[in-house]
$ cat work.cif   # mmCIF, C-alpha atoms (C1' of nucleotides)
data_run
#
loop_
_atom_site.group_PDB
_atom_site.id
_atom_site.type_symbol
_atom_site.label_atom_id
_atom_site.label_comp_id
_atom_site.auth_asym_id
_atom_site.auth_seq_id
_atom_site.Cartn_x
_atom_site.Cartn_y
_atom_site.Cartn_z
ATOM 1 C CA MET A 8 1.562 13.013 8.752
ATOM 2 C CA GLU A 9 1.771 9.993 6.577
ATOM 3 C CA THR A 10 2.905 10.468 3.025
ATOM 4 C CA ARG A 11 0.053 10.340 0.592
ATOM 5 C CA ARG A 12 0.646 8.044 -2.275
ATOM 6 C CA ASP A 13 0.191 8.847 -5.897
ATOM 7 C CA VAL A 14 -2.083 6.893 -8.152
ATOM 8 C CA PHE A 15 0.781 4.750 -9.475
ATOM 9 C CA GLN A 16 1.734 3.677 -5.986
ATOM 10 C CA ALA A 17 -1.901 2.966 -5.249
ATOM 11 C CA ILE A 18 -2.334 0.521 -8.106
ATOM 12 C CA ALA A 19 1.044 -1.134 -7.567
ATOM 13 C CA ASP A 20 -0.459 -3.559 -5.088
ATOM 14 C CA PRO A 21 -2.272 -6.541 -6.642
ATOM 15 C CA THR A 22 -4.918 -6.528 -3.939
ATOM 16 C CA ARG A 23 -5.770 -2.909 -4.612
ATOM 17 C CA ARG A 24 -5.985 -3.551 -8.342
ATOM 18 C CA ALA A 25 -8.402 -6.364 -7.632
ATOM 19 C CA ILE A 26 -10.486 -4.048 -5.441
ATOM 20 C CA ILE A 27 -10.580 -1.505 -8.250
ATOM 21 C CA MET A 28 -11.750 -4.169 -10.703
ATOM 22 C CA LEU A 29 -14.463 -5.231 -8.301
ATOM 23 C CA LEU A 30 -15.762 -1.705 -7.823
ATOM 24 C CA ALA A 31 -15.667 -1.070 -11.553
ATOM 25 C CA LEU A 32 -18.676 -3.410 -11.695
ATOM 26 C CA GLY A 33 -20.591 -1.456 -9.074
ATOM 27 C CA ALA A 34 -20.349 0.209 -5.669
ATOM 28 C CA LEU A 35 -19.811 -2.018 -2.650
ATOM 29 C CA THR A 36 -19.416 -1.759 1.116
ATOM 30 C CA PRO A 37 -16.153 -2.706 2.908
ATOM 31 C CA ASN A 38 -17.555 -5.953 4.214
ATOM 32 C CA ALA A 39 -18.933 -6.921 0.847
ATOM 33 C CA ILE A 40 -15.553 -6.222 -0.704
ATOM 34 C CA ALA A 41 -13.720 -8.139 2.021
ATOM 35 C CA GLN A 42 -15.752 -11.237 1.250
ATOM 36 C CA HIS A 43 -13.903 -11.541 -2.048
ATOM 37 C CA PHE A 44 -10.502 -11.751 -0.354
ATOM 38 C CA ASN A 45 -8.798 -14.163 2.020
ATOM 39 C CA SER A 46 -7.128 -11.514 4.176
ATOM 40 C CA SER A 47 -8.741 -9.794 7.158
ATOM 41 C CA ARG A 48 -11.476 -7.212 6.814
ATOM 42 C CA GLN A 49 -9.113 -4.692 8.324
ATOM 43 C CA ALA A 50 -6.523 -5.285 5.627
ATOM 44 C CA VAL A 51 -9.115 -4.530 2.979
ATOM 45 C CA SER A 52 -10.156 -1.453 4.920
ATOM 46 C CA LYS A 53 -6.597 -0.189 4.801
ATOM 47 C CA HIS A 54 -6.456 -0.634 1.059
ATOM 48 C CA LEU A 55 -9.749 1.225 0.689
ATOM 49 C CA ARG A 56 -8.315 4.097 2.663
ATOM 50 C CA ILE A 57 -5.264 4.296 0.399
ATOM 51 C CA LEU A 58 -7.392 4.213 -2.733
ATOM 52 C CA THR A 59 -9.740 6.852 -1.337
ATOM 53 C CA GLU A 60 -6.918 9.165 -0.315
ATOM 54 C CA CYS A 61 -5.549 9.306 -3.831
ATOM 55 C CA GLU A 62 -9.078 9.719 -5.238
ATOM 56 C CA ILE A 63 -9.292 6.487 -7.178
ATOM 57 C CA LEU A 64 -12.322 5.676 -5.016
ATOM 58 C CA ARG A 65 -15.078 7.850 -3.618
ATOM 59 C CA GLN A 66 -16.909 6.962 -0.445
ATOM 60 C CA GLU A 67 -20.485 7.720 0.503
ATOM 61 C CA GLN A 68 -21.682 7.162 4.060
ATOM 62 C CA GLN A 69 -25.211 5.833 4.484
ATOM 63 C CA GLY A 70 -25.873 5.252 8.169
ATOM 64 C CA ARG A 71 -23.283 2.815 9.454
ATOM 65 C CA GLU A 72 -22.545 1.573 5.956
ATOM 66 C CA ILE A 73 -20.058 3.105 3.553
ATOM 67 C CA HIS A 74 -20.448 2.679 -0.169
ATOM 68 C CA TYR A 75 -17.220 2.822 -2.153
ATOM 69 C CA GLN A 76 -17.309 3.521 -5.846
ATOM 70 C CA LEU A 77 -14.776 3.923 -8.570
ATOM 71 C CA ASN A 78 -13.769 7.387 -9.652
ATOM 72 C CA ALA A 79 -12.924 6.552 -13.244
ATOM 73 C CA ASP A 80 -11.766 10.104 -13.897
ATOM 74 C CA LYS A 81 -8.722 9.501 -11.764
ATOM 75 C CA MET A 82 -7.637 6.635 -13.994
ATOM 76 C CA LYS A 83 -7.063 9.294 -16.640
ATOM 77 C CA ASP A 84 -3.984 10.352 -14.696
ATOM 78 C CA ILE A 85 -2.452 7.051 -15.685
ATOM 79 C CA GLU A 86 -3.802 7.268 -19.197
ATOM 80 C CA ASN A 87 -2.340 10.750 -19.610
ATOM 81 C CA TRP A 88 1.010 9.462 -18.512
ATOM 82 C CA LEU A 89 0.824 6.648 -21.047
ATOM 83 C CA GLU A 90 -0.344 9.016 -23.756
ATOM 84 C CA GLN A 91 3.125 10.539 -23.817
ATOM 85 C CA PHE A 92 4.554 7.261 -25.005
ATOM 86 C CA ARG A 93 1.837 6.740 -27.562
ATOM 87 C CA GLN A 94 2.715 10.088 -29.068
ATOM 88 C CA MET A 95 6.409 9.272 -29.088
ATOM 89 C CA LEU A 96 5.687 5.903 -30.626
ATOM 90 C CA SER A 97 3.510 7.319 -33.377
ATOM 91 C CA LYS A 98 6.169 9.938 -34.141
ATOM 92 C CA ARG A 99 8.696 7.193 -34.583
ATOM 93 C CA PHE A 100 6.346 5.224 -36.801
ATOM 94 C CA GLU A 101 5.797 8.316 -38.944
ATOM 95 C CA GLN A 102 9.521 8.752 -39.285
ATOM 96 C CA LEU A 103 9.863 5.102 -40.176
ATOM 97 C CA ASP A 104 7.145 5.421 -42.782
ATOM 98 C CA THR A 105 8.936 8.431 -44.272
ATOM 99 C CA VAL A 106 12.155 6.484 -44.530
ATOM 100 C CA LEU A 107 10.383 3.547 -46.139
ATOM 101 C CA GLU A 108 8.701 5.854 -48.653
ATOM 102 C CA GLN A 109 12.063 7.335 -49.564
ATOM 103 C CA LEU A 110 13.558 3.884 -49.958
ATOM 104 C CA LYS A 111 10.717 2.922 -52.308
ATOM 105 C CA SER A 112 11.033 6.057 -54.437
ATOM 106 C CA ASN A 113 14.806 5.642 -54.627
ATOM 107 C CA LYS A 114 14.421 2.148 -56.046
ATOM 108 C CA LYS A 115 12.123 3.273 -58.814
ATOM 109 C CA MET B 1 15.266 -16.030 -5.848
ATOM 110 C CA GLU B 2 13.944 -12.545 -5.499
ATOM 111 C CA THR B 3 10.364 -11.904 -6.417
ATOM 112 C CA ARG B 4 10.031 -10.359 -9.813
ATOM 113 C CA ARG B 5 7.828 -7.335 -9.875
ATOM 114 C CA ASP B 6 5.044 -6.690 -12.276
ATOM 115 C CA VAL B 7 4.932 -3.639 -14.468
ATOM 116 C CA PHE B 8 2.639 -1.768 -12.058
ATOM 117 C CA GLN B 9 5.094 -2.231 -9.223
ATOM 118 C CA ALA B 10 7.877 -1.138 -11.517
ATOM 119 C CA ILE B 11 6.321 2.212 -12.353
ATOM 120 C CA ALA B 12 5.141 2.851 -8.796
ATOM 121 C CA ASP B 13 8.425 4.501 -7.905
ATOM 122 C CA PRO B 14 8.798 8.138 -9.034
ATOM 123 C CA THR B 15 12.463 7.663 -9.842
ATOM 124 C CA ARG B 16 11.728 4.772 -12.154
ATOM 125 C CA ARG B 17 8.990 6.743 -13.910
ATOM 126 C CA ALA B 18 11.466 9.538 -14.464
ATOM 127 C CA ILE B 19 13.966 7.046 -15.900
ATOM 128 C CA ILE B 20 11.299 5.746 -18.257
ATOM 129 C CA MET B 21 10.507 9.280 -19.410
ATOM 130 C CA LEU B 22 14.180 9.936 -20.007
ATOM 131 C CA LEU B 23 14.633 6.805 -22.088
ATOM 132 C CA ALA B 24 11.500 7.554 -24.054
ATOM 133 C CA LEU B 25 13.560 10.335 -25.655
ATOM 134 C CA GLY B 26 16.366 8.006 -26.617
ATOM 135 C CA ALA B 27 18.635 5.218 -25.396
ATOM 136 C CA LEU B 28 21.157 6.040 -22.684
ATOM 137 C CA THR B 29 23.869 4.378 -20.642
ATOM 138 C CA PRO B 30 23.649 3.932 -16.843
ATOM 139 C CA ASN B 31 26.112 6.697 -16.156
ATOM 140 C CA ALA B 32 24.381 9.066 -18.538
ATOM 141 C CA ILE B 33 21.066 8.317 -16.837
ATOM 142 C CA ALA B 34 22.561 8.729 -13.375
ATOM 143 C CA GLN B 35 23.695 12.233 -14.252
ATOM 144 C CA HIS B 36 20.078 13.339 -14.268
ATOM 145 C CA PHE B 37 19.523 12.240 -10.669
ATOM 146 C CA ASN B 38 20.903 13.275 -7.290
ATOM 147 C CA SER B 39 21.142 9.770 -5.885
ATOM 148 C CA SER B 40 24.109 7.430 -6.275
ATOM 149 C CA ARG B 41 24.925 5.747 -9.570
ATOM 150 C CA GLN B 42 24.296 2.437 -7.881
ATOM 151 C CA ALA B 43 20.762 3.439 -6.922
ATOM 152 C CA VAL B 44 20.003 4.194 -10.553
ATOM 153 C CA SER B 45 21.571 0.909 -11.549
ATOM 154 C CA LYS B 46 19.196 -0.899 -9.234
ATOM 155 C CA HIS B 47 16.196 0.806 -10.783
ATOM 156 C CA LEU B 48 17.440 -0.103 -14.244
ATOM 157 C CA ARG B 49 17.653 -3.716 -13.180
ATOM 158 C CA ILE B 50 14.089 -3.694 -11.934
ATOM 159 C CA LEU B 51 12.799 -2.084 -15.116
ATOM 160 C CA THR B 52 14.769 -4.529 -17.254
ATOM 161 C CA GLU B 53 13.528 -7.550 -15.341
ATOM 162 C CA CYS B 54 9.908 -6.694 -16.030
ATOM 163 C CA GLU B 55 10.744 -5.861 -19.658
ATOM 164 C CA ILE B 56 9.913 -2.168 -19.604
ATOM 165 C CA LEU B 57 13.523 -1.599 -20.656
ATOM 166 C CA ARG B 58 15.791 -3.538 -22.974
ATOM 167 C CA GLN B 59 19.550 -3.492 -22.576
ATOM 168 C CA GLU B 60 22.202 -3.819 -25.259
ATOM 169 C CA GLN B 61 25.827 -4.371 -24.300
ATOM 170 C CA GLN B 62 28.444 -2.601 -26.422
ATOM 171 C CA GLY B 63 31.880 -3.302 -24.965
ATOM 172 C CA ARG B 64 31.867 -2.097 -21.409
ATOM 173 C CA GLU B 65 28.909 0.187 -22.026
ATOM 174 C CA ILE B 66 25.282 -0.812 -21.766
ATOM 175 C CA HIS B 67 22.612 1.006 -23.706
ATOM 176 C CA TYR B 68 19.160 0.944 -22.157
ATOM 177 C CA GLN B 69 16.116 1.656 -24.262
ATOM 178 C CA LEU B 70 12.430 1.742 -23.713
ATOM 179 C CA ASN B 71 10.339 -1.236 -24.689
ATOM 180 C CA ALA B 72 7.144 0.641 -25.433
ATOM 181 C CA ASP B 73 5.283 -2.593 -26.134
ATOM 182 C CA LYS B 74 5.359 -3.413 -22.450
ATOM 183 C CA MET B 75 3.495 -0.228 -21.609
ATOM 184 C CA LYS B 76 0.561 -1.820 -23.386
ATOM 185 C CA ASP B 77 0.149 -4.071 -20.359
ATOM 186 C CA ILE B 78 -0.915 -0.992 -18.449
ATOM 187 C CA GLU B 79 -2.964 0.323 -21.326
ATOM 188 C CA ASN B 80 -4.787 -2.987 -21.627
ATOM 189 C CA TRP B 81 -5.617 -2.855 -17.936
ATOM 190 C CA LEU B 82 -6.967 0.667 -18.332
ATOM 191 C CA GLU B 83 -8.905 -0.297 -21.432
ATOM 192 C CA GLN B 84 -11.241 -2.308 -19.228
ATOM 193 C CA PHE B 85 -12.357 0.864 -17.494
ATOM 194 C CA ARG B 86 -12.694 2.791 -20.717
ATOM 195 C CA GLN B 87 -15.075 0.146 -21.960
ATOM 196 C CA MET B 88 -17.056 0.220 -18.738
ATOM 197 C CA LEU B 89 -17.168 3.996 -18.852
ATOM 198 C CA SER B 90 -18.339 4.134 -22.426
ATOM 199 C CA LYS B 91 -21.041 1.582 -21.628
ATOM 200 C CA ARG B 92 -22.267 3.809 -18.828
ATOM 201 C CA PHE B 93 -22.183 6.876 -21.056
ATOM 202 C CA GLU B 94 -24.196 5.044 -23.663
ATOM 203 C CA GLN B 95 -26.751 4.127 -21.047
ATOM 204 C CA LEU B 96 -26.807 7.724 -19.869
ATOM 205 C CA ASP B 97 -27.290 8.955 -23.424
ATOM 206 C CA THR B 98 -30.186 6.543 -23.869
ATOM 207 C CA VAL B 99 -31.849 7.854 -20.738
ATOM 208 C CA LEU B 100 -31.365 11.436 -21.836
ATOM 209 C CA GLU B 101 -32.840 10.676 -25.243
ATOM 210 C CA GLN B 102 -35.854 9.120 -23.600
ATOM 211 C CA LEU B 103 -36.268 12.127 -21.345
ATOM 212 C CA LYS B 104 -36.171 14.427 -24.355
ATOM 213 C CA SER B 105 -38.709 12.415 -26.336
ATOM 214 C CA ASN B 106 -41.014 12.209 -23.306
ATOM 215 C CA LYS B 107 -41.076 15.989 -22.998
ATOM 216 C CA LYS B 108 -42.056 16.514 -26.587
ATOM 217 C "C1'" DA C 1 -32.174 -1.407 27.018
ATOM 218 C "C1'" DA C 2 -29.538 -4.987 25.299
ATOM 219 C "C1'" DT C 3 -27.435 -7.034 21.530
ATOM 220 C "C1'" DA C 4 -25.655 -7.279 16.892
ATOM 221 C "C1'" DT C 5 -23.368 -5.258 12.975
ATOM 222 C "C1'" DG C 6 -20.362 -2.060 10.194
ATOM 223 C "C1'" DC C 7 -15.995 -0.450 10.194
ATOM 224 C "C1'" DG C 8 -11.990 2.498 11.315
ATOM 225 C "C1'" DC C 9 -8.021 3.436 14.811
ATOM 226 C "C1'" DA C 10 -3.898 1.836 16.922
ATOM 227 C "C1'" DA C 11 -0.246 -1.211 18.021
ATOM 228 C "C1'" DC C 12 2.572 -4.704 16.502
ATOM 229 C "C1'" DC C 13 5.331 -7.609 13.339
ATOM 230 C "C1'" DA C 14 7.739 -9.589 9.358
ATOM 231 C "C1'" DT C 15 8.929 -8.435 4.918
ATOM 232 C "C1'" DT C 16 10.012 -5.385 1.249
ATOM 233 C "C1'" DT C 17 12.013 -1.316 -0.499
ATOM 234 C "C1'" DG C 18 15.241 2.339 -1.855
ATOM 235 C "C1'" DA C 19 19.265 4.300 -0.684
ATOM 236 C "C1'" DT C 20 24.558 4.275 0.396
ATOM 237 C "C1'" DT C 21 29.233 2.469 0.461
ATOM 238 C "C1'" DG C 22 32.924 -0.594 -0.730
ATOM 239 C "C1'" DC C 23 34.597 -3.742 -3.874
ATOM 240 C "C1'" DG C 24 35.837 -6.117 -8.066
ATOM 241 C "C1'" DC C 25 35.633 -7.418 -12.953
ATOM 242 C "C1'" DA C 26 35.689 -6.246 -17.883
ATOM 243 C "C1'" DA C 27 36.642 -3.039 -21.403
ATOM 244 C "C1'" DG C 28 39.002 1.171 -23.053
ATOM 245 C "C1'" DT C 29 42.924 4.428 -22.946
ATOM 246 C "C1'" DT C 30 47.601 5.871 -22.296
ATOM 247 C "C1'" DA D 9 51.737 -2.882 -18.424
ATOM 248 C "C1'" DA D 10 49.522 0.502 -15.912
ATOM 249 C "C1'" DC D 11 45.811 3.299 -15.382
ATOM 250 C "C1'" DT D 12 41.000 4.831 -16.134
ATOM 251 C "C1'" DT D 13 36.223 4.110 -16.838
ATOM 252 C "C1'" DG D 14 31.716 1.569 -16.940
ATOM 253 C "C1'" DC D 15 28.925 -0.742 -14.003
ATOM 254 C "C1'" DG D 16 27.000 -4.652 -11.300
ATOM 255 C "C1'" DC D 17 27.366 -7.488 -6.750
ATOM 256 C "C1'" DA D 18 26.971 -7.588 -1.870
ATOM 257 C "C1'" DA D 19 26.349 -5.863 2.651
ATOM 258 C "C1'" DT D 20 24.129 -2.631 5.406
ATOM 259 C "C1'" DC D 21 20.568 0.489 7.053
ATOM 260 C "C1'" DA D 22 16.341 3.213 7.778
ATOM 261 C "C1'" DA D 23 11.871 3.697 6.155
ATOM 262 C "C1'" DA D 24 7.824 1.952 4.062
ATOM 263 C "C1'" DT D 25 4.569 -1.700 3.431
ATOM 264 C "C1'" DG D 26 0.889 -5.153 4.050
ATOM 265 C "C1'" DG D 27 -0.849 -8.067 7.119
ATOM 266 C "C1'" DT D 28 -3.012 -9.400 11.961
ATOM 267 C "C1'" DT D 29 -5.299 -8.617 16.349
ATOM 268 C "C1'" DG D 30 -7.733 -6.061 19.800
ATOM 269 C "C1'" DC D 31 -10.571 -2.382 20.699
ATOM 270 C "C1'" DG D 32 -14.142 1.082 20.491
ATOM 271 C "C1'" DC D 33 -17.686 4.076 18.396
ATOM 272 C "C1'" DA D 34 -21.855 4.660 15.633
ATOM 273 C "C1'" DT D 35 -25.800 2.611 13.674
ATOM 274 C "C1'" DA D 36 -29.332 -1.066 13.221
ATOM 275 C "C1'" DT D 37 -32.001 -4.756 15.148
ATOM 276 C "C1'" DT D 38 -34.411 -7.226 18.643
#
$ encode --input "work.cif" --output "structure tokens"
Amino acid sequence: METRRDVFQAIADPTRRAIIMLLALGALTPNAIAQHFNSSRQAVSKHLRILTECEILRQEQQGREIHYQLNADKMKDIENWLEQFRQMLSKRFEQLDTVLEQLKSNKK
Amino acid sequence: METRRDVFQAIADPTRRAIIMLLALGALTPNAIAQHFNSSRQAVSKHLRILTECEILRQEQQGREIHYQLNADKMKDIENWLEQFRQMLSKRFEQLDTVLEQLKSNKK
DNA sequence: AATATGCGCAACCATTTGATTGCGCAAGTT
DNA sequence: AACTTGCGCAATCAAATGGTTGCGCATATT
């Protein structure tokens, strides 16, 4: 069984990020997506599979056509990871502010 | 010349994400970082190089020791990319709210 | 029924990646 | 001066990756 990739590995590839951006505008079929890229339709199909497996995209079969759409909820995994740094950053800023306040009051 | 990686490719690897998390707590030297991992010191050193090259980490030489620290500003590259989806999402929610409001007023 | 279209599976290939090991240089210690 | 420590360079290797091509199945059209 192939190793499933996490969401960070999924967006590491520039082509996949471009696919995500495209689908953020609206659902599309594999062929419609492939028209925006210079590589083969099959290459795009592989990327779609990777993005679907890690739940960044959802697919909906309608006859022989598949509609792929963005699952924006999954992007929150990345946001949650980044949130940790935001919190650390704001803590540091608070500490810096405290130090600056003390410096001001000491000068008075 | 080797291809430089972008920030998304840099954080795609679980080991590098763990290094980033570690350094978010405070600056460390390569050997100190390597102690938290089971792989060789040289493997960690390679990851540090990758993270430094794409500016996620900053290094500061002090004698024979190097102190690596997180450059939190660079994480904003990822946040900015995600911000595009947040805006698209909030647009859709606004549209959904409008529809719901109309449904409510039509029932009254 | 025959043909066209959508699209994934599989095999293949070149490149990239992440790890290890050995080595060597610079700085610190004895 | 000799030894120790910090740490990157280079070579090597196995695995992963991203692309292509050929093929085949299901659905849609003629």
$ closest_atom_pairs --input "work.cif" --of "chain C" --to "chain B" --cutoff "9 Å" --atoms "only C-alpha atoms (C1' of nucleotides)" --output "Markdown table"
| residue | atom | partner | partner_atom | distance |
| --- | --- | --- | --- | --- |
| C:DG18 | C1' | B:Ala43 | CA | 7.6 |
| C:DA19 | C1' | B:Ala43 | CA | 6.5 |
| C:DT20 | C1' | B:Ser40 | CA | 7.4 |
| C:DA26 | C1' | B:Arg64 | CA | 6.7 |
| C:DA27 | C1' | B:Arg64 | CA | 4.9 |
| C:DG28 | C1' | B:Arg64 | CA | 8.0 |
$ atom_distance --input "work.cif" --atom1 "CA of Glu55 in chain B" --atom2 "C1' of DC23 in chain C"
28.7 Å
$ interface_residues --input "work.cif" --of "chain A" --to "chain B" --cutoff "6 Å" --atoms "only C-alpha atoms" --output "VMD selection string"
chain A and resid 15 to 16 19
$ atom_distance --input "work.cif" --atom1 "CA of Asn45 in chain A" --atom2 "CA of Gln87 in chain B"
28.6 Å
$ closest_atom_pairs --input "work.cif" --of "chain D" --to "chain B" --cutoff "8 Å" --atoms "only C-alpha atoms (C1' of nucleotides)" --output "JSON lines"
{"residue": "D:DG14", "atom": "C1'", "partner": "B:Arg64", "partner_atom": "CA", "distance": 5.8}
{"residue": "D:DC15", "atom": "C1'", "partner": "B:Pro30", "partner_atom": "CA", "distance": 7.6}
{"residue": "D:DG16", "atom": "C1'", "partner": "B:Ser45", "partner_atom": "CA", "distance": 7.8}
$ write_last_selection --input "work.cif" --atoms "C-alpha atoms (C1' of nucleotides)" --output "PDB file, in the frame of the given file"
ATOM      1  C1'  DG D  14      31.716   1.569 -16.940  1.00  0.00           C
ATOM      2  C1'  DC D  15      28.925  -0.742 -14.003  1.00  0.00           C
ATOM      3  C1'  DG D  16      27.000  -4.652 -11.300  1.00  0.00           C
TER       4       DG D  16
END
$ resolve_selection --input "work.cif" --expression "the PyMOL selection byres ((chain C and resi 11) around 12)" --output "ChimeraX atom specification"
/C:9-10,12-13 /D:28-31
$ atom_distance --input "work.cif" --atom1 "CA of Leu30 in chain A" --atom2 "CA of Gln76 in chain A"
5.8 Å
$ closest_residue --input "work.cif" --among "B:Ser90, B:Thr52, B:Thr98, B:Asn106" --to "Tyr68 in chain B" --atoms "only C-alpha atoms"
B:Thr52
$ resolve_selection --input "work.cif" --expression "the PyMOL selection byres ((chain C and resi 5) around 8)" --output "ChimeraX atom specification"
/C:4,6 /D:36
$ build_atoms --input "work.cif" --residues "range 57-72 of chain B" --atoms "N, CA, C and O atoms" --output "mmCIF file, in the frame of the given file"
data_model
loop_
_atom_site.group_PDB
_atom_site.id
_atom_site.type_symbol
_atom_site.label_atom_id
_atom_site.label_comp_id
_atom_site.auth_asym_id
_atom_site.auth_seq_id
_atom_site.Cartn_x
_atom_site.Cartn_y
_atom_site.Cartn_z
ATOM 1 N N LEU B 57 12.312 -2.024 -19.957
ATOM 2 C CA LEU B 57 13.523 -1.599 -20.656
ATOM 3 C C LEU B 57 14.216 -2.808 -21.264
ATOM 4 O O LEU B 57 14.106 -3.925 -20.793
ATOM 5 N N ARG B 58 14.936 -2.547 -22.359
ATOM 6 C CA ARG B 58 15.791 -3.538 -22.974
ATOM 7 C C ARG B 58 17.222 -3.028 -22.883
ATOM 8 O O ARG B 58 17.458 -1.827 -23.005
ATOM 9 N N GLN B 59 18.172 -3.931 -22.644
ATOM 10 C CA GLN B 59 19.550 -3.492 -22.576
ATOM 11 C C GLN B 59 20.372 -4.137 -23.682
ATOM 12 O O GLN B 59 20.101 -5.250 -24.090
ATOM 13 N N GLU B 60 21.376 -3.366 -24.157
ATOM 14 C CA GLU B 60 22.202 -3.819 -25.259
ATOM 15 C C GLU B 60 23.646 -3.502 -24.903
ATOM 16 O O GLU B 60 24.041 -2.343 -24.826
ATOM 17 N N GLN B 61 24.433 -4.539 -24.683
ATOM 18 C CA GLN B 61 25.827 -4.371 -24.300
ATOM 19 C C GLN B 61 26.675 -4.015 -25.515
ATOM 20 O O GLN B 61 26.542 -4.613 -26.566
ATOM 21 N N GLN B 62 27.505 -2.973 -25.357
ATOM 22 C CA GLN B 62 28.444 -2.601 -26.422
ATOM 23 C C GLN B 62 29.789 -2.354 -25.756
ATOM 24 O O GLN B 62 30.055 -1.248 -25.279
ATOM 25 N N GLY B 63 30.637 -3.400 -25.709
ATOM 26 C CA GLY B 63 31.880 -3.302 -24.965
ATOM 27 C C GLY B 63 31.560 -3.222 -23.495
ATOM 28 O O GLY B 63 30.758 -3.993 -22.977
ATOM 29 N N ARG B 64 32.149 -2.250 -22.832
ATOM 30 C CA ARG B 64 31.867 -2.097 -21.409
ATOM 31 C C ARG B 64 30.646 -1.226 -21.157
ATOM 32 O O ARG B 64 30.230 -1.050 -20.021
ATOM 33 N N GLU B 65 30.079 -0.669 -22.183
ATOM 34 C CA GLU B 65 28.909 0.187 -22.026
ATOM 35 C C GLU B 65 27.617 -0.570 -22.310
ATOM 36 O O GLU B 65 27.580 -1.450 -23.162
ATOM 37 N N ILE B 66 26.600 -0.216 -21.550
ATOM 38 C CA ILE B 66 25.282 -0.812 -21.766
ATOM 39 C C ILE B 66 24.324 0.286 -22.200
ATOM 40 O O ILE B 66 24.289 1.342 -21.581
ATOM 41 N N HIS B 67 23.605 0.038 -23.254
ATOM 42 C CA HIS B 67 22.612 1.006 -23.706
ATOM 43 C C HIS B 67 21.218 0.495 -23.314
ATOM 44 O O HIS B 67 20.843 -0.613 -23.684
ATOM 45 N N TYR B 68 20.518 1.295 -22.551
ATOM 46 C CA TYR B 68 19.160 0.944 -22.157
ATOM 47 C C TYR B 68 18.186 1.699 -23.038
ATOM 48 O O TYR B 68 18.374 2.885 -23.308
ATOM 49 N N GLN B 69 17.144 0.995 -23.485
ATOM 50 C CA GLN B 69 16.116 1.656 -24.262
ATOM 51 C C GLN B 69 14.735 1.169 -23.848
ATOM 52 O O GLN B 69 14.578 0.085 -23.309
ATOM 53 N N LEU B 70 13.790 2.012 -24.131
ATOM 54 C CA LEU B 70 12.430 1.742 -23.713
ATOM 55 C C LEU B 70 11.811 0.673 -24.602
ATOM 56 O O LEU B 70 11.978 0.670 -25.805
ATOM 57 N N ASN B 71 11.127 -0.248 -23.971
ATOM 58 C CA ASN B 71 10.339 -1.236 -24.689
ATOM 59 C C ASN B 71 8.874 -0.803 -24.587
ATOM 60 O O ASN B 71 8.160 -1.201 -23.664
ATOM 61 N N ALA B 72 8.476 0.025 -25.522
ATOM 62 C CA ALA B 72 7.144 0.641 -25.433
ATOM 63 C C ALA B 72 6.027 -0.401 -25.478
ATOM 64 O O ALA B 72 4.940 -0.163 -24.974
#
